[in-house]
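Below is one structure, written out as structure tokens; the observations come after it.
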Amino acid sequence: MKFGVIVFPGTWSDRDCYHVLKEIYGLDVDYVWHKEQDLSAYDCVILPGGFSYGDYLRCGAVARFSPVMEGVKRMADEGKLVFGICNGFQILCEAGLLPGTLIVNNHLQFRCAWSNLRVEQNNTPFTSACRPGQVIGVPIAHGQGNYFAEPGVLSALESEGRVVFRYATATGEVTSAANPNGSLNGIAGIVNAHRNVLGMMPHPERCSEALLGGSDGRFIWDSILRHLAPTP
Amino acid sequence: MPTKVDKKILDEIALSPDEYDLIERRLGREPTPVELGIFGAMWSEHCGYKHSKPLLRLFPTTGERVLISLGEENAGVVDIGDGQAVVMKIESHNHPSAIEPFQGAATGVGGIIRDIFTMGARPIALLNSLRFGPLDDSRNRFLFNGVVAGIAAYGNCMGLPTVAGEVYFDPTYTQNPLVNAMCVGLAQAGSLIRARAAGAGNSLLLVGADTGRDGIHGATFASVELDDASEERRPAVQVGNPFMEKLLMEACLELLHTDYVVGMQDLGAAGLTSSIVECADKGGSGVEIDVLKVSRRERGMTPYEIMLSESQERMLVIVKQGYEDKVKAVFDRWDLHSDVIGHVTDDGMVRVREGDKVVANLPAELLTSPPTYTREVIKPAWLSKLQTFSFRRLPDIQAEPKHGAKESWGLSQSDSIKSERSANQILLRLLASPTIASKEYVYRQYDHQVLTNTVVAPGADAAVLRIKGTRKAIALTTDCNGRFCYLEPQAGGAIAVAEAARNLVCVGAKPLAVTDCLNFGNPEKPDIYYQLDQVVRGMAEACRTLDTPVISGNVSLYNETNGEAVHPTPVVGMVGLIDDLDRICRPAFQQEGDFVLMLGGAPSRGADDAALAGSEYASLVHDKLAGRPQIDLDLESRLQSCCLQAIHQRLIKSAHDCAEGGLAVALAESCIAGHIGFKDWSLAWDGRNDAALFGEAQSRIIVSLAPGMVSKMIDLARAARVPVTKLGTVGGDRLVIEGHIDLSVRELEQVWRSALESAVQAS
């Protein structure tokens, strides 16, 4: 079981993701430079948070042309796990691996805060360790995390059960007050049709140790591990 | 002797006719125009510390943990054990931010980050200390929003957490906001990089952004007063590119793992000029560069412009001869452009060529030794008058009659409770004052969690960052109360240091070292020089008493607009060390029934005037800035070590500094943080009610602890000769100070949490 953490110019959650996988879980993990194309060695790649290429254009609009994205697409096609966090989610949308887009927060400011996520689907490789409807606390840190999609795309996502996380209150109600950025339907994370590509704006790598104020991110890492190395 | 150059030209570069004459005498000839520009930059206050250098020598700068100290390098370094070192510095970007707040603040952050990774340290945290005029003025709101957004844009894009800081509002900063940015890095003590151009023949490699016409004369601009024409200096403000800086940072840190590099120096104020001069001077060598080899953004730039450009995101790397291609390959991998622009020599000269033509040829030593000025220190008469003000002239808060009234509190709201001057209302007004109110509106715009080290986030007395791979953590804070420094500069300077240290102690950290940013008016005016002299003396004494040497810093003078100086504002940034992550303390009250004690002096009639002097209460309620703040540094030192021992021995569950807004605000903050009330008030005093509740006497820490620990705590305090007083107990859902205050914690929190955002949105 091997993990890759992709490093674009301007990525910064790479070190945080690497730390969790390597130091907390003791897993085999590499940094993968964005000019690499062959990702065949990896079972799961993470596209971490950051400001790839400065994100002076639409977030992720440049990174999607990086050579590594060919490898990422191949992994997605082969059913391997592709996990985009924050800027990684934005890049996956720009690359067409996930539908919709992430636009500027409705209050126009960057927002760094803890958020509560209601787990909508636990039949994905990323959430199998969660109970359906479970609320997990995960921090957000973004200026453009406002999920938007055409009505048809949105209703397809909903009807196919591909909305994985929604911003919610601590008791699991999806309200506009609990929505930190204006995302449609309170969407915080979605999967592709084959459910092997997840994009989410919140940062599970920031809440995988109690010392940092919460460890609910572990539900996601635990799910991934369960998928990659099922216990007999 | 009349000078040969036009006074207008000298004004442009802020040199005096006397200074020009000195240059001519020392050179034995007239300087060329390029040389004159170089002198203007290097002899500016910003680079040359003409007025402050003699005073800065008063600071203690050494200590057993100090590895690199004040003035030696781009930043100071302290040892935190296990071969690890913390690198830190604070710097001002006040003038650019007054003109263009977003870019001014953003590039201030960019500059201070470069100072840290230049030394071979990976930046791990940003802090900032901000001062603005009141938010009811639309220009102040524009400045405040722009500065916060600029800091956020740069720090967030770089992937560095902004973990602590302060924001004050006072009319003194209306035209001249203060924007001080601090960066902290972590390094292996053995692999620090020096800013030295050593080894004749080694190459000077300029890497990063191309050089443009932006920011020419930035250093000079920072060394003159602002006036109505300052808007026209907008071209002196640079534009930041945090993405480029992120690449520079990663590439430079990658070079740490090679042995190709002799030294590194960032390009900051005065651009290429100060960069090459400083590393030639520190290396005891000389340098020669050719401006035609510098990649430029636009055509037709003169040598003068190239030398003085302050284009951001550039670094000078001194590369071992023969390794140029290897170093360039590292930068190429990060898509960074680099050029060899010159080489190190051994003749002590800074030589600038334009192709074959030498356009400047100056001794490095002369450029780094501008004349220094000391002035007579005369206490202004107006200050003595202000200090002798007696608060007896102002009405006190009336206590509620004891009988029967208590039951109706918060329900029927008797007249005195509703009155503007009741303690209840004053507490709410203080919590709603933007200086005291929650700064969540600000810090939620900053990524304060990236790098996953933030154990105590913004909002506590100090931030705490764990050091990965160890049980250690560091605590960080900035502090300064400009009002105290205005009223009694020496005590004010000492208080800035003491309070920063106290903040660290409250989270369980032993204070280690100081980085400071001295924000003052024009030192050529006697009143301002008095402030500067006295503040530095006060800080120096406190640093000595608390064993926190000054290891780096910056001086920002000429913070005046149309002749009005800001309050003297010596911002103190401080780092402390926590040996064991399990011994971290926070301000929040924890458990019903816990005792609440005050360590430090209890209110008394004799201390009322000092307690009210410069207080937020006196300004807000009485519009009075007067009196004479005081501090007893020996008591402060005993208090801090007592509190630290109490945390180490696990006697106490919370600790919170008693600062702006006094005891009542400190209790309210601990209630809000813990979502629990406070009751059983058990303190009596013989002096004024307002001084007891809202006075800002120094050297006080509010702690809470289990009843079973009280006797041990009292023994500890007695042994340390620290006064200890019982205040009450934790419990219920209201903050109750019998006879004065009775408010629900929910209401306190609502007011405190929303006030800043409301003030920003009001128009």
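Chain labels follow the order of the structure tokens: the first chain is A, the next B, and so on; residue numbering restarts at 1 in every chain, and ligands are counted from 1 in their shown order.
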Could you make a table, as a tab-separated table, of the residues of chain A that have an atom within 6 Å of an atom of chain B, each with its nearest atom pair and distance in Å to one decimal, counting only C-alpha atoms, in chain and number order?
```
residue	atom	partner	partner_atom	distance
A:Trp12	CA	B:Gly159	CA	5.3
A:Asp16	CA	B:Leu451	CA	5.7
A:Phe51	CA	B:Cys157	CA	5.7
A:Gly54	CA	B:Phe243	CA	4.6
A:Phe110	CA	B:Gln445	CA	4.9
A:Arg111	CA	B:Gln445	CA	5.0
A:Cys112	CA	B:Arg444	CA	4.8
A:Arg206	CA	B:Thr452	CA	5.8
A:Leu212	CA	B:Val455	CA	5.1
```
>> Give me, as JSON, numbers by chain, the residues of segment 531-627 of chain B that a backbone DSSP run labels alpha helix (DSSP H).
In response: {"B": [531, 532, 533, 534, 535, 536, 537, 538, 539, 540, 541, 542, 543, 544, 545, 546, 608, 609, 610, 611, 612, 616, 617, 618, 619, 620, 621, 622]}
>> Rounded to one decimal, what separation in Å do you get between atom CA of Thr725 of chain B and atom CA of Asp680 of chain B?
In response: 13.4 Å
>> If DSSP is run on the backbone, what residues of segment 27-275 of chain B are strand (DSSP E or B)? A reply as number ranges by chain would be ideal.
In response: B: 66-68, 76-81, 84-92, 122-132, 162-169, 178-188, 203-208, 211, 226, 261-266
>> What's around segment 93-107 of chain A at 9 Å? Count only C-alpha atoms, leave out sequence neighbours fewer than 4 positions away in its own chain, and write the answer as JSON, numbers by chain.
In response: {"A": [58, 59, 60, 61, 62, 63, 64, 65, 69, 73, 76, 88, 89, 111, 142, 143, 144, 145, 146, 147, 148, 149, 150, 153, 154, 157, 180, 181, 182, 183, 190, 191, 192, 193, 197, 198, 199]}
Kindly export the residues of the current selection with N, CA and C atoms, as a compact mmCIF listing (two decimals), in the first residue's frame.
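So out.txt came out as:
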```txt
# COMPACT_ATOMS: atom_id res chain seq x y z
N ARG A 58 -8.37 31.48 -11.97
CA ARG A 58 -9.31 30.66 -11.22
C ARG A 58 -8.52 29.53 -10.55
N CYS A 59 -8.88 29.22 -9.31
CA CYS A 59 -8.08 28.24 -8.56
C CYS A 59 -7.98 26.91 -9.29
N GLY A 60 -6.79 26.44 -9.45
CA GLY A 60 -6.57 25.14 -10.09
C GLY A 60 -6.51 25.20 -11.61
N ALA A 61 -6.80 26.37 -12.18
CA ALA A 61 -6.90 26.47 -13.64
C ALA A 61 -5.57 26.22 -14.34
N VAL A 62 -4.47 26.53 -13.67
CA VAL A 62 -3.15 26.28 -14.26
C VAL A 62 -2.68 24.87 -13.90
N ALA A 63 -2.87 24.50 -12.65
CA ALA A 63 -2.35 23.21 -12.17
C ALA A 63 -2.90 22.04 -12.98
N ARG A 64 -4.10 22.19 -13.52
CA ARG A 64 -4.67 21.05 -14.24
C ARG A 64 -3.86 20.69 -15.48
N PHE A 65 -3.02 21.62 -15.93
CA PHE A 65 -2.16 21.33 -17.09
C PHE A 65 -0.82 20.71 -16.69
N MET A 69 -1.05 15.47 -13.94
CA MET A 69 -2.49 15.27 -14.03
C MET A 69 -2.85 14.13 -14.98
N LYS A 73 -5.35 11.19 -13.85
CA LYS A 73 -6.52 10.73 -14.62
C LYS A 73 -6.48 9.22 -14.83
N ALA A 76 -7.54 7.53 -11.75
CA ALA A 76 -8.99 7.62 -11.57
C ALA A 76 -9.68 6.59 -12.46
N GLY A 88 -6.70 20.92 -3.91
CA GLY A 88 -6.77 19.67 -4.67
C GLY A 88 -8.16 19.43 -5.24
N PHE A 89 -9.19 19.75 -4.44
CA PHE A 89 -10.59 19.65 -4.90
C PHE A 89 -10.79 20.61 -6.08
N ARG A 111 -11.55 32.30 4.87
CA ARG A 111 -12.10 31.87 6.16
C ARG A 111 -11.33 30.66 6.66
N HIS A 142 -10.02 28.54 3.32
CA HIS A 142 -10.06 28.85 1.90
C HIS A 142 -10.75 30.18 1.61
N GLY A 143 -10.44 30.74 0.47
CA GLY A 143 -11.11 31.94 0.00
C GLY A 143 -12.11 31.63 -1.11
N GLN A 144 -11.91 30.45 -1.73
CA GLN A 144 -12.80 30.06 -2.84
C GLN A 144 -13.25 28.63 -2.63
N GLY A 145 -14.22 28.49 -1.75
CA GLY A 145 -14.70 27.15 -1.44
C GLY A 145 -16.19 27.00 -1.64
N ASN A 146 -16.74 27.97 -2.35
CA ASN A 146 -18.19 28.07 -2.54
C ASN A 146 -18.58 27.17 -3.71
N TYR A 147 -19.10 25.96 -3.38
CA TYR A 147 -19.37 24.98 -4.44
C TYR A 147 -20.54 25.42 -5.32
N PHE A 148 -20.31 25.36 -6.62
CA PHE A 148 -21.34 25.75 -7.57
C PHE A 148 -21.40 24.74 -8.70
N ALA A 149 -22.61 24.43 -9.14
CA ALA A 149 -22.78 23.57 -10.32
C ALA A 149 -24.12 23.90 -10.96
N GLU A 150 -24.23 23.59 -12.24
CA GLU A 150 -25.50 23.78 -12.96
C GLU A 150 -26.59 22.96 -12.27
N VAL A 153 -26.52 19.26 -13.07
CA VAL A 153 -25.38 18.57 -12.46
C VAL A 153 -25.65 18.34 -10.97
N LEU A 154 -26.18 19.38 -10.37
CA LEU A 154 -26.45 19.32 -8.93
C LEU A 154 -27.47 18.24 -8.61
N LEU A 157 -25.91 14.86 -8.94
CA LEU A 157 -25.06 14.56 -7.78
C LEU A 157 -25.92 14.09 -6.61
N PRO A 180 -20.22 27.96 5.65
CA PRO A 180 -19.21 29.00 5.82
C PRO A 180 -18.85 29.74 4.54
N ASN A 181 -19.42 29.37 3.41
CA ASN A 181 -18.95 29.97 2.16
C ASN A 181 -20.02 30.15 1.10
N GLY A 182 -21.24 29.69 1.34
CA GLY A 182 -22.31 29.85 0.36
C GLY A 182 -22.47 28.69 -0.60
N SER A 183 -21.78 27.57 -0.33
CA SER A 183 -21.88 26.41 -1.22
C SER A 183 -23.32 26.00 -1.44
N ILE A 190 -17.58 15.96 -2.59
CA ILE A 190 -18.32 15.09 -3.51
C ILE A 190 -17.39 14.00 -4.05
N VAL A 191 -18.01 12.93 -4.56
CA VAL A 191 -17.22 11.90 -5.26
C VAL A 191 -17.66 11.82 -6.73
N ASN A 192 -16.81 11.18 -7.52
CA ASN A 192 -17.17 10.94 -8.92
C ASN A 192 -18.15 9.76 -9.00
N ALA A 193 -18.59 9.45 -10.21
CA ALA A 193 -19.59 8.40 -10.36
C ALA A 193 -19.08 7.04 -9.88
N VAL A 197 -12.90 8.92 -6.61
CA VAL A 197 -12.27 10.24 -6.59
C VAL A 197 -13.10 11.13 -5.66
N LEU A 198 -12.45 11.60 -4.58
CA LEU A 198 -13.14 12.48 -3.62
C LEU A 198 -12.49 13.86 -3.64
N GLY A 199 -13.33 14.89 -3.66
CA GLY A 199 -12.82 16.25 -3.45
C GLY A 199 -13.56 16.85 -2.28
```
> Near Phe126 of chain A, within 6 Å and counting only C-alpha atoms, which residues show up once chain neighbours fewer than 4 positions away are dropped, as a list in words?
Replying inline: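 The contact residues come out as Ile220, Ser223 and Ile224 of chain A.
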> So how far away is atom CA of Asp30 of chain A from atom CA of Asn123 of chain A, in Å?
Replying inline: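 Distance reported for this atom pair: 27.6 Å.
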>> For a quick check of understanding, using only C-alpha atoms, which of B:Ser615, B:Asn559, B:Ser654, B:Gln398 has the smallest distance to Glu696 of chain B?
In response: B:Ser615
> Val555 of chain B: which residues within 8 Å, counting only C-alpha atoms, same-chain residues fewer than 4 positions away excluded, as a list in words?
Replying inline: Glu45, His46, Tyr49, Ser52, Glu91, Ser92, Cys517, Leu518 and Asn519 of chain B
Next, the residues of the selection above should be written as a short mmCIF file (atom, residue, chain, number, x, y, z; two decimals), in the first residue's frame with C-alpha atoms.
```cif
data_model
loop_
_atom_site.label_atom_id
_atom_site.label_comp_id
_atom_site.auth_asym_id
_atom_site.auth_seq_id
_atom_site.Cartn_x
_atom_site.Cartn_y
_atom_site.Cartn_z
CA GLU B 45 17.17 55.88 9.35
CA HIS B 46 15.59 52.68 8.02
CA TYR B 49 19.74 53.66 12.42
CA SER B 52 18.55 54.95 17.29
CA GLU B 91 9.64 44.61 11.12
CA SER B 92 7.46 47.60 10.31
CA CYS B 517 9.87 47.17 16.57
CA LEU B 518 10.21 50.73 17.80
CA ASN B 519 7.50 52.87 16.22
#
```
> Contacts of Pro67 of chain A at 9 Å or less, counting only C-alpha atoms, minus same-chain residues fewer than 6 places along, as a count of residues only?
Replying inline: 4
